[in-house]
Amino acid sequence: MNPLHAIRTVLLLTCRDAAPLLSRGMDQALVVRERAALRAHLWICPSCRRYRKQLHLIRGILSLCPAKTFSVCSRSLPREARERVRLALARHGGAG
Amino acid sequence: MLYSYAVSRVRDPHAAEDLVQETLLAAIASAGSFAGASSERTWLIGILRHKLVDHLRRRLRERPPVESARDGMADLFDGRGHWRTAPSKWGGDPHALAEDAEFLAVLDRCLSRLPARTAHLFWLREAEGVETAELCERLDVSPTNVWAMLHRARCGLRECLRLHWFGAGDRR
């Protein structure tokens with residue numbers, strides 16, 4: 001890799017660019033150039049270092065919670081929803 | 001049973017609820033035509049399948065073809081690409097937070113504010129550790145889209161937790 005190009009990439013990386021890179025780095029291995037740019041950015045940017053810690057904290061918490069903790073993961077019809085369906089059926093029955 | 005079937009297909013609890021409702025209404029309307037040749041279960045699932053197809057067609061018509069990776073995140077950064085509100089230190093041990101009912105309620109609310117599909121994807125990745133390749137297969141999206149959705153989920157969830165839980169610490 002051309003060192004000048006590498007330095008340019010590193011210097012031009014903004015927090016806005018670093019955030020998606022950071023995120024993707026949690027899902028797959030970044031290529032060398034991306035990794036270098038991100039590492040250099042994190043070295044000079046305390047905000048993005050904290051952002052990374054926060055994302056890892058969220059991952060840590062979620063991996064400890066059983067799926068049933070959260071309504072987005074619930075596979076059974078929530079109670080209020082059950083009630084709405086029941087009312088709609090009752091209305092329908094009453095009309096017809 | 002109908003609901004879990006619907007959710008597994010549309011991954012959107014509200015849409016799934018509507019579908020269950022439509023299915024039951026249709027079933028009542030055509031109860032006379034239930035021949036008894038199949039079990040009620042099979043009959044109901046059959047109706048639900050028709051409703052699902054209608055729903056998917058409607059959704060395909062409504063959904064814009066490409067989602068922008070920066071939706072809703074533009075205002076996290078200023079014109080020069082710096083954080084508008086610099087992230088601050090978040091205190092808290094994951095084990096303690098994972099057992100804190102109040103925190104979990106906030107987390108639940110924040111998760112449910114994400115688009116349903118995004119939340120589902122995010123959950124699979126972060127909680128269940130499903131790899132990108134499998135996510136692409138299971139949700140039928142490209143890797144680029146998976147990463148964009150995960151990034152959006154992380155930004156959105158973090159911002160929501162910052163506002164509703166870790167808030168005070170972020171004001172510097």
# chains A, B, ... in the order shown; residues from 1 in each chain; ligands from 1
$ residues_around --residues "segment 93-108 of chain B" --least-positions-apart "3" --cutoff "10 Å" --atoms "only C-alpha atoms" --output "PyMOL selection string"
(chain A and resi 56-66+69-73) or (chain B and resi 90+111-113+157-158+160-161+164-166)
$ interface_residues --of "chain B" --to "chain A" --cutoff "6 Å" --atoms "only C-alpha atoms" --output "short mmCIF file (atom, residue, chain, number, x, y, z; two decimals) with N, CA, C and O atoms, in the first residue's frame"
data_model
loop_
_atom_site.label_atom_id
_atom_site.label_comp_id
_atom_site.auth_asym_id
_atom_site.auth_seq_id
_atom_site.Cartn_x
_atom_site.Cartn_y
_atom_site.Cartn_z
N SER B 4 -47.60 -17.03 15.61
CA SER B 4 -46.18 -17.36 15.48
C SER B 4 -45.85 -17.69 14.03
O SER B 4 -44.78 -17.35 13.54
N GLN B 21 -55.92 -11.40 12.63
CA GLN B 21 -57.29 -10.88 12.71
C GLN B 21 -58.04 -11.10 11.40
O GLN B 21 -59.16 -11.61 11.40
N GLY B 81 -18.52 16.04 9.89
CA GLY B 81 -18.45 14.61 10.19
C GLY B 81 -18.05 14.31 11.62
O GLY B 81 -17.69 13.18 11.93
N HIS B 82 -18.12 15.31 12.49
CA HIS B 82 -17.82 15.07 13.91
C HIS B 82 -19.11 14.80 14.68
O HIS B 82 -20.18 15.22 14.26
N ALA B 86 -20.71 14.46 21.75
CA ALA B 86 -19.63 13.48 21.89
C ALA B 86 -20.07 12.37 22.83
O ALA B 86 -20.60 12.65 23.90
N PRO B 87 -19.88 11.10 22.42
CA PRO B 87 -20.24 10.00 23.31
C PRO B 87 -19.48 10.11 24.63
O PRO B 87 -18.30 10.48 24.63
N PRO B 94 -22.33 -5.15 32.34
CA PRO B 94 -23.36 -5.83 31.55
C PRO B 94 -24.19 -6.83 32.36
O PRO B 94 -25.40 -6.92 32.17
N ALA B 98 -28.12 -6.45 32.77
CA ALA B 98 -28.96 -7.50 32.20
C ALA B 98 -29.98 -8.03 33.22
O ALA B 98 -30.90 -8.75 32.86
N ASP B 108 -36.04 -2.55 26.07
CA ASP B 108 -37.13 -3.14 25.31
C ASP B 108 -37.83 -2.07 24.47
O ASP B 108 -38.11 -2.27 23.29
N SER B 112 -37.92 -1.78 20.37
CA SER B 112 -39.18 -1.82 19.60
C SER B 112 -39.37 -0.54 18.78
O SER B 112 -40.26 -0.49 17.94
N GLU B 126 -26.48 -9.81 17.65
CA GLU B 126 -25.86 -9.46 18.92
C GLU B 126 -26.14 -10.47 20.02
O GLU B 126 -25.26 -10.76 20.81
N ALA B 127 -27.35 -10.96 20.09
CA ALA B 127 -27.69 -11.84 21.20
C ALA B 127 -27.39 -13.30 20.86
O ALA B 127 -26.91 -14.05 21.69
N TRP B 147 -25.00 -5.07 6.82
CA TRP B 147 -24.12 -4.18 7.59
C TRP B 147 -24.76 -2.82 7.77
O TRP B 147 -24.65 -2.20 8.82
N HIS B 151 -25.63 -1.34 11.38
CA HIS B 151 -25.08 -0.03 11.76
C HIS B 151 -26.22 0.89 12.20
O HIS B 151 -26.13 1.59 13.21
#
$ atom_distance --atom1 "atom CA of Tyr3 of chain B" --atom2 "atom CA of Asp54 of chain B"
16.4 Å
$ atom_distance --atom1 "atom CA of Pro115 of chain B" --atom2 "atom CA of Ala15 of chain B"
12.2 Å
